[in-house]
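*Asks:* Contents of model-v4.txt (compact mmCIF, C-alpha atoms):
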```txt
# COMPACT_ATOMS: atom_id res chain seq x y z
CA MET J 1 -90.34 -161.92 53.41
CA THR J 2 -88.41 -159.73 55.81
CA SER J 3 -84.66 -159.30 56.18
CA ILE J 4 -84.68 -160.06 59.89
CA ARG J 5 -82.10 -162.72 60.79
CA ARG J 6 -83.79 -165.33 62.90
CA SER J 7 -83.25 -168.72 64.52
CA LEU J 8 -86.22 -170.42 62.83
CA SER J 9 -87.68 -170.25 59.34
CA ASP J 10 -91.29 -169.14 58.90
CA GLU J 11 -92.42 -172.77 58.66
CA ALA J 12 -90.45 -173.89 61.71
CA LEU J 13 -91.58 -170.86 63.74
CA ALA J 14 -95.24 -171.48 62.89
CA SER J 15 -94.86 -175.13 63.86
CA TYR J 16 -93.11 -174.17 67.12
CA VAL J 17 -95.84 -171.69 68.12
CA CYS J 18 -98.60 -174.15 67.25
CA ALA J 19 -96.97 -176.88 69.30
CA GLN J 20 -96.79 -174.57 72.31
CA LEU J 21 -100.37 -173.36 71.93
CA ASN J 22 -101.90 -176.78 71.40
CA SER J 23 -99.89 -178.33 74.24
CA ASN J 24 -100.95 -175.66 76.72
CA PHE J 25 -104.53 -175.25 75.49
CA PRO J 26 -105.69 -178.76 74.49
CA ASP J 27 -109.29 -177.82 73.73
CA ASN J 28 -111.49 -178.78 70.80
CA GLU J 29 -110.21 -175.87 68.69
CA PRO J 30 -106.56 -176.65 67.87
CA VAL J 31 -104.50 -173.92 66.23
CA MET J 32 -103.43 -174.83 62.71
CA GLU J 33 -100.02 -173.93 61.32
CA ASP J 34 -101.45 -172.26 58.22
CA VAL J 35 -103.34 -169.80 60.46
CA ILE J 36 -100.10 -168.79 62.21
CA ARG J 37 -98.29 -168.54 58.86
CA GLN J 38 -100.91 -166.05 57.67
CA ILE J 39 -100.13 -163.59 60.46
CA LEU J 40 -96.37 -164.16 60.57
CA PRO J 41 -95.32 -161.80 57.71
CA GLU J 42 -96.87 -158.70 59.29
CA THR J 43 -95.71 -159.75 62.76
CA LEU J 44 -92.11 -160.21 61.60
CA LYS J 45 -92.22 -156.93 59.69
CA ARG J 46 -93.23 -155.11 62.88
CA LEU J 47 -90.65 -157.04 64.90
CA GLU J 48 -87.87 -156.22 62.43
CA PHE J 49 -88.64 -152.50 62.53
CA CYS J 50 -88.81 -152.46 66.34
CA PHE J 51 -85.55 -154.39 66.78
CA SER J 52 -83.77 -152.16 64.25
CA LYS J 53 -84.12 -149.27 66.72
CA ILE J 54 -82.55 -151.13 69.66
CA ASN J 55 -78.88 -150.48 70.34
CA ASN J 56 -78.01 -154.00 71.45
CA LYS J 57 -76.13 -156.61 69.44
CA TYR J 58 -78.64 -159.30 70.32
CA PHE J 59 -81.42 -157.26 68.69
CA PHE J 60 -79.51 -155.47 65.90
CA ASP J 61 -76.09 -156.64 64.74
CA GLY J 62 -75.20 -153.48 62.83
CA THR J 63 -76.62 -154.77 59.58
CA SER J 64 -79.92 -156.46 60.33
CA SER J 65 -82.38 -157.15 63.10
CA VAL J 66 -81.86 -160.42 64.95
CA PHE J 67 -84.57 -162.63 66.47
CA SER J 68 -84.09 -165.83 68.48
CA HIS J 69 -87.05 -167.84 69.73
CA LEU J 70 -84.84 -168.81 72.69
CA HIS J 71 -84.19 -165.22 73.79
CA GLY J 72 -86.85 -164.64 76.45
CA ASP J 73 -87.30 -160.87 76.02
CA GLN J 74 -87.38 -161.17 72.25
CA TYR J 75 -89.88 -164.01 72.32
CA ALA J 76 -92.12 -162.09 74.74
CA MET J 77 -92.12 -159.14 72.34
CA PHE J 78 -92.80 -161.47 69.41
CA LEU J 79 -95.77 -163.10 71.14
CA TYR J 80 -97.29 -159.72 72.01
CA LEU J 81 -96.95 -158.62 68.37
CA LEU J 82 -98.30 -161.95 67.13
CA SER J 83 -101.40 -161.70 69.33
CA ASN J 84 -101.94 -158.04 68.44
CA THR J 85 -101.45 -158.69 64.72
CA ALA J 86 -103.92 -161.57 64.89
CA HIS J 87 -106.41 -159.20 66.53
CA ARG J 88 -105.77 -156.48 63.94
CA GLN J 89 -106.29 -158.91 61.09
CA GLY J 90 -109.59 -160.17 62.44
CA ALA J 91 -108.48 -163.62 63.59
CA SER J 92 -110.60 -165.47 66.10
CA ILE J 93 -110.72 -164.16 69.64
CA ASN J 94 -109.65 -167.60 70.83
CA LEU J 95 -106.44 -167.44 68.82
CA SER J 96 -105.49 -163.97 70.07
CA SER J 97 -106.39 -165.00 73.62
CA LYS J 98 -104.31 -168.17 73.50
CA ILE J 99 -101.24 -166.31 72.24
CA PHE J 100 -101.71 -163.64 74.93
CA LEU J 101 -102.07 -166.31 77.62
CA LEU J 102 -99.04 -168.23 76.33
CA ASN J 103 -96.98 -165.05 76.70
CA LYS J 104 -98.34 -164.57 80.21
CA MET J 105 -97.48 -168.17 81.11
CA LEU J 106 -93.98 -168.15 79.66
CA HIS J 107 -92.82 -164.66 80.61
CA GLY J 108 -95.14 -163.43 83.34
CA ILE J 109 -96.17 -160.36 81.35
CA ASP J 110 -99.74 -159.14 80.90
CA ALA J 111 -99.76 -157.32 77.56
CA PHE J 112 -103.27 -157.87 76.26
CA TYR J 113 -103.73 -158.22 72.51
CA GLU J 114 -106.15 -155.26 72.36
CA VAL J 115 -103.62 -152.92 74.00
CA THR J 116 -101.80 -150.87 71.36
CA LEU J 117 -98.15 -150.69 72.30
CA PRO J 118 -95.98 -148.37 70.21
CA ASP J 119 -94.07 -149.45 67.12
CA ILE J 120 -90.79 -149.11 69.04
CA PHE J 121 -90.63 -150.70 72.49
CA LEU J 122 -88.43 -152.98 74.57
CA PHE J 123 -89.19 -155.57 77.25
CA VAL J 124 -86.32 -156.20 79.69
CA HIS J 125 -86.99 -159.46 81.62
CA PRO J 126 -90.55 -158.22 82.19
CA LEU J 127 -91.73 -160.66 84.88
CA GLY J 128 -94.79 -159.34 86.69
CA THR J 129 -95.31 -156.42 84.29
CA VAL J 130 -98.87 -155.33 83.39
CA LEU J 131 -99.44 -152.93 80.50
CA GLY J 132 -102.94 -151.51 80.46
CA ARG J 133 -104.88 -149.45 77.95
CA ALA J 134 -102.83 -146.27 78.10
CA LYS J 135 -101.85 -144.08 75.15
CA TYR J 136 -98.29 -145.17 74.40
CA SER J 137 -95.54 -143.53 72.36
CA ASP J 138 -92.38 -144.84 70.72
CA TYR J 139 -89.14 -145.69 72.53
CA LEU J 140 -90.80 -147.30 75.54
CA VAL J 141 -88.69 -149.45 77.88
CA VAL J 142 -90.32 -151.59 80.58
CA TYR J 143 -88.50 -153.74 83.12
CA GLN J 144 -89.89 -156.28 85.60
CA ARG J 145 -92.86 -155.58 87.89
CA CYS J 146 -93.94 -152.45 86.02
CA GLY J 147 -97.56 -151.39 85.91
CA ILE J 148 -99.49 -149.06 83.61
CA GLY J 149 -103.11 -148.82 84.65
CA SER J 150 -106.22 -146.84 85.37
CA ASN J 151 -107.55 -144.93 88.34
CA HIS J 152 -111.29 -144.25 88.27
CA ASP J 153 -111.27 -145.74 84.73
CA VAL J 154 -108.84 -143.11 83.40
CA TYR J 155 -105.55 -144.25 81.88
CA PRO J 156 -102.26 -142.36 81.42
CA THR J 157 -100.96 -140.68 78.29
CA LEU J 158 -97.28 -141.47 77.80
CA GLY J 159 -94.70 -139.58 75.75
CA GLU J 160 -91.72 -140.81 73.76
CA PHE J 161 -88.51 -142.10 75.37
CA LEU J 162 -90.17 -143.30 78.56
CA THR J 163 -88.15 -145.70 80.72
CA LEU J 164 -89.86 -147.63 83.50
CA HIS J 165 -87.34 -149.17 85.88
CA PRO J 166 -88.16 -152.26 88.00
CA GLY J 167 -91.17 -152.01 90.29
CA THR J 168 -92.54 -148.76 88.90
CA ALA J 169 -96.13 -147.83 88.11
CA ILE J 170 -97.99 -145.03 86.36
CA LEU J 171 -101.68 -144.95 87.21
CA GLY J 172 -104.65 -142.79 86.37
CA ASN J 173 -104.96 -139.36 84.80
CA CYS J 174 -101.28 -138.69 84.08
CA THR J 175 -99.67 -137.01 81.11
CA ILE J 176 -96.02 -137.97 80.92
CA ALA J 177 -94.03 -135.79 78.53
CA SER J 178 -91.14 -136.97 76.38
CA ASN J 179 -87.86 -138.35 77.73
CA CYS J 180 -89.01 -139.20 81.23
CA THR J 181 -87.63 -141.87 83.54
CA ILE J 182 -89.42 -143.43 86.48
CA ALA J 183 -86.95 -144.64 89.11
CA THR J 184 -87.03 -148.11 90.66
CA GLU J 185 -90.00 -148.78 93.01
CA SER J 186 -91.61 -145.40 92.25
CA LEU J 187 -95.31 -144.67 91.79
CA VAL J 188 -96.76 -141.87 89.67
CA LEU J 189 -100.45 -141.42 90.51
CA GLU J 190 -102.66 -138.74 88.95
CA LYS J 191 -99.64 -136.53 88.24
CA ASP J 192 -98.22 -134.94 85.08
CA LEU J 193 -94.50 -134.89 84.38
CA ALA J 194 -92.67 -132.33 82.23
CA GLU J 195 -90.19 -133.51 79.62
CA ASN J 196 -86.74 -134.63 80.72
CA SER J 197 -88.01 -135.58 84.19
CA LEU J 198 -86.49 -138.25 86.42
CA TYR J 199 -89.20 -139.06 88.97
CA ILE J 200 -88.22 -140.72 92.24
CA GLY J 201 -90.69 -141.65 94.99
CA ASN J 202 -94.46 -141.86 95.44
CA PRO J 203 -97.44 -139.51 95.82
CA LYS J 204 -96.62 -138.81 99.49
CA SER J 205 -92.88 -138.32 99.10
CA HIS J 206 -91.15 -137.70 95.80
CA PHE J 207 -88.73 -135.45 94.01
CA ILE J 208 -87.97 -134.76 90.37
CA LYS J 209 -84.62 -134.23 88.76
CA THR J 210 -83.88 -132.97 85.27
CA ASN J 211 -82.20 -135.45 82.96
CA THR J 212 -81.79 -134.51 79.29
CA ASN J 213 -79.90 -137.65 78.28
CA ILE J 214 -81.67 -140.06 75.95
CA ASN J 215 -81.58 -143.70 77.01
CA PRO J 216 -78.57 -145.15 75.12
CA ILE J 217 -80.47 -148.36 74.40
CA TRP J 218 -82.04 -146.62 71.40
CA ARG J 219 -80.60 -146.20 67.91
CA ILE J 220 -81.75 -142.72 66.94
```
Using structure tokens, write down the structure that the file contains.

*Replies:*
Amino acid sequence: MTSIRRSLSDEALASYVCAQLNSNFPDNEPVMEDVIRQILPETLKRLEFCFSKINNKYFFDGTSSVFSHLHGDQYAMFLYLLSNTAHRQGASINLSSKIFLLNKMLHGIDAFYEVTLPDIFLFVHPLGTVLGRAKYSDYLVVYQRCGIGSNHDVYPTLGEFLTLHPGTAILGNCTIASNCTIATESLVLEKDLAENSLYIGNPKSHFIKTNTNINPIWRI
């Protein structure tokens, strides 16, 4: 059991997820509630810890983490963690794939179950966001239409306190130091950033400002 305050009990949440999965993927391998219940404790433990670091009353009310299955960003984060936990625990590939695809269908985010996101992250209405196989660090914020991906099969290495504003991308052999922000509609391609950098622009035309402020969304 976790102390996270949530809208559905374990049993109701497992039933809810199963109903969604079996309705959207009506194949000959239905997902059983007991299978979801087996991976829920670890998933909710990870979710509780992540939400406890978010400075927003809908995620942390000052006393405990809060999770609603009807809060889109929260449910997207939950489904990523559920698919990743299923993968970690050796569940069937079909189960992990279905949960990943459900998240993609509901929220428009491509966060594959094999991708290891950090323990502390935040999705902010992440429609059209694709998170590839980079090396991630804690305190990651991603908005809509963000992309983390490879160039010539090389992925970025990302530091702590990274904020990706809408429409941004980091691609290829990049090392992004701690406390960096990528401005709206900017592209970082094959470029390293020093800590406390605010990057604005693209490979042909960009400039970098220094910003030492930590994103106030985090409870440090």

*Asks:* Which neighbours of range 29-38 of chain J fall inside 9 Å, counting all atoms listed in the file, when residues of the same chain fewer than 2 positions from it are skipped, and could you give them as a PyMOL selection string?

*Replies:* chain J and resi 10-11+13-15+17-19+21-22+25-27+40-42+82+86+91+94-95

*Asks:* If we count all atoms listed in the file, what is near Ile93 in chain J at a cut-off of 12 Å, once residues fewer than 3 positions away on the same chain are taken out, given as an mmCIF file with C-alpha atoms, in the coordinates of the input?

*Replies:*
```
data_model
loop_
_atom_site.group_PDB
_atom_site.id
_atom_site.type_symbol
_atom_site.label_atom_id
_atom_site.label_comp_id
_atom_site.auth_asym_id
_atom_site.auth_seq_id
_atom_site.Cartn_x
_atom_site.Cartn_y
_atom_site.Cartn_z
ATOM 1 C CA GLU J 29 -110.210 -175.870 68.690
ATOM 2 C CA SER J 83 -101.400 -161.700 69.330
ATOM 3 C CA ASN J 84 -101.940 -158.040 68.440
ATOM 4 C CA THR J 85 -101.450 -158.690 64.720
ATOM 5 C CA ALA J 86 -103.920 -161.570 64.890
ATOM 6 C CA HIS J 87 -106.410 -159.200 66.530
ATOM 7 C CA ARG J 88 -105.770 -156.480 63.940
ATOM 8 C CA GLN J 89 -106.290 -158.910 61.090
ATOM 9 C CA GLY J 90 -109.590 -160.170 62.440
ATOM 10 C CA SER J 96 -105.490 -163.970 70.070
ATOM 11 C CA SER J 97 -106.390 -165.000 73.620
ATOM 12 C CA LYS J 98 -104.310 -168.170 73.500
ATOM 13 C CA ILE J 99 -101.240 -166.310 72.240
ATOM 14 C CA PHE J 100 -101.710 -163.640 74.930
ATOM 15 C CA LEU J 101 -102.070 -166.310 77.620
ATOM 16 C CA PHE J 112 -103.270 -157.870 76.260
ATOM 17 C CA TYR J 113 -103.730 -158.220 72.510
ATOM 18 C CA GLU J 114 -106.150 -155.260 72.360
#
```

*Asks:* Please compute the CA of Pro216 in chain J-CA of Asp138 in chain J distance, one decimal, in Å.

*Replies:* 14.5 Å

*Asks:* What is the CA of Ser23 in chain J-CA of His107 in chain J distance in Å, reported with one decimal?

*Replies:*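 Between CA of Ser23 in chain J and CA of His107 in chain J the gap works out to 16.7 Å.
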
*Asks:* Could you tell me, as an MDAnalysis selection string, which residues have any atom at most 8 Å from (-82.9, -142.1, 77.3), counting only C-alpha atoms?

*Replies:* chainID J and resid 161:163 179:181 212:218

*Asks:* In Å, with one decimal, what is the gap from CA of Phe60 in chain J to CA of Ile120 in chain J?

*Replies:*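 Value for the CA of Phe60 in chain J-CA of Ile120 in chain J distance: 13.3 Å.
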
*Asks:* When you look at Pro203 in chain J with a cut-off of 7 Å (counting all atoms listed in the file), what residues show up, excluding the ones that are within fewer than 3 positions of it in the same chain? I need them as a PyMOL selection string.

*Replies:* chain J and resi 187-189+206

*Asks:* Here is a test: counting all atoms listed in the file, which residue of J:Ser3, J:Gln144, J:Ser92, J:Ser68 is nearest to Ser52 in chain J?

*Replies:*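 Nearest to Ser52 in chain J: J:Ser3.
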
*Asks:* Pick out the closest residue to Leu171 in chain J from this set: J:Ala111, J:Leu158, J:Cys50, J:Leu8. Count only C-alpha atoms.

*Replies:*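 Nearest candidate to Leu171 in chain J out of J:Ala111, J:Leu158, J:Cys50, J:Leu8: J:Leu158.
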
*Asks:* Which is closer to Ile182 in chain J than all the others in J:Ala12, J:Ile148, J:Tyr155, J:Lys204, using only C-alpha atoms?

*Replies:*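 Counting only C-alpha atoms, the residue closest to Ile182 in chain J is J:Ile148.
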
*Asks:* Show me the residues close to (-105.7, -142.7, 88.9) - anything with an atom within 10 Å, counting only C-alpha atoms - and format the list as number ranges by chain.

*Replies:* J: 149-156, 170-174, 188-191

*Asks:* Go through J:Asp61, J:Pro118, J:His69, J:Lys104 and flag the residue nearest Arg46 in chain J, using all atoms listed in the file for the distances.

*Replies:*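 With all atoms listed in the file as the atom set, the closest residue is J:Pro118.
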
*Asks:* Using all atoms listed in the file, pick whichever of J:Leu44, J:Ile220, J:Cys146, J:Val124 has the shortest atom-to-atom distance to Ala76 in chain J.

*Replies:*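 Answer, going by the shortest atom-to-atom distance: J:Val124.
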
*Asks:* Using all atoms listed in the file for the distances, tell me which of J:Arg5, J:His165, J:Lys135, J:Arg219 is nearest to Lys45 in chain J.

*Replies:*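 Closest to Lys45 in chain J, using all atoms listed in the file: J:Arg5.
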
*Asks:* Do a neighbour search on Tyr136 in chain J at 10 Å with only C-alpha atoms, toss out local chain neighbours closer than 3 positions, and write the hits as a PyMOL selection string.

*Replies:* chain J and resi 115-119+121+131-133+139-140+156-160+162+176

*Asks:* Can you tell me which residues surround Thr210 in chain J at a distance of at most 9 Å, considering all atoms listed in the file, apart from same-chain residues fewer than 3 positions away, and format the answer as number ranges by chain?

*Replies:* J: 195-199

*Asks:* Please supply range 15-27 of chain J, rebuilt with N, CA and C atoms, as a tab-separated table (two decimals), keeping the file's coordinate frame.

*Replies:*
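Written output follows (result_17.tsv):
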```
chain	number	residue	atom	x	y	z
J	15	SER	N	-94.71	-173.82	63.24
J	15	SER	CA	-94.86	-175.13	63.86
J	15	SER	C	-94.55	-175.06	65.36
J	16	TYR	N	-93.53	-174.32	65.71
J	16	TYR	CA	-93.11	-174.17	67.12
J	16	TYR	C	-94.21	-173.50	67.93
J	17	VAL	N	-94.77	-172.41	67.42
J	17	VAL	CA	-95.84	-171.69	68.12
J	17	VAL	C	-97.07	-172.58	68.26
J	18	CYS	N	-97.43	-173.27	67.20
J	18	CYS	CA	-98.60	-174.15	67.25
J	18	CYS	C	-98.42	-175.24	68.29
J	19	ALA	N	-97.23	-175.82	68.34
J	19	ALA	CA	-96.97	-176.88	69.30
J	19	ALA	C	-97.13	-176.35	70.73
J	20	GLN	N	-96.65	-175.15	70.98
J	20	GLN	CA	-96.79	-174.57	72.31
J	20	GLN	C	-98.26	-174.29	72.64
J	21	LEU	N	-98.98	-173.71	71.69
J	21	LEU	CA	-100.37	-173.36	71.93
J	21	LEU	C	-101.22	-174.60	72.15
J	22	ASN	N	-101.05	-175.60	71.31
J	22	ASN	CA	-101.90	-176.78	71.40
J	22	ASN	C	-101.54	-177.67	72.59
J	23	SER	N	-100.29	-177.59	73.04
J	23	SER	CA	-99.89	-178.33	74.24
J	23	SER	C	-100.46	-177.69	75.50
J	24	ASN	N	-100.48	-176.37	75.53
J	24	ASN	CA	-100.95	-175.66	76.72
J	24	ASN	C	-102.45	-175.44	76.74
J	25	PHE	N	-103.09	-175.47	75.57
J	25	PHE	CA	-104.53	-175.25	75.49
J	25	PHE	C	-105.16	-176.38	74.67
J	26	PRO	N	-105.22	-177.58	75.24
J	26	PRO	CA	-105.69	-178.76	74.49
J	26	PRO	C	-107.22	-178.84	74.43
J	27	ASP	N	-107.83	-177.83	73.82
J	27	ASP	CA	-109.29	-177.82	73.73
J	27	ASP	C	-109.72	-178.43	72.39
```
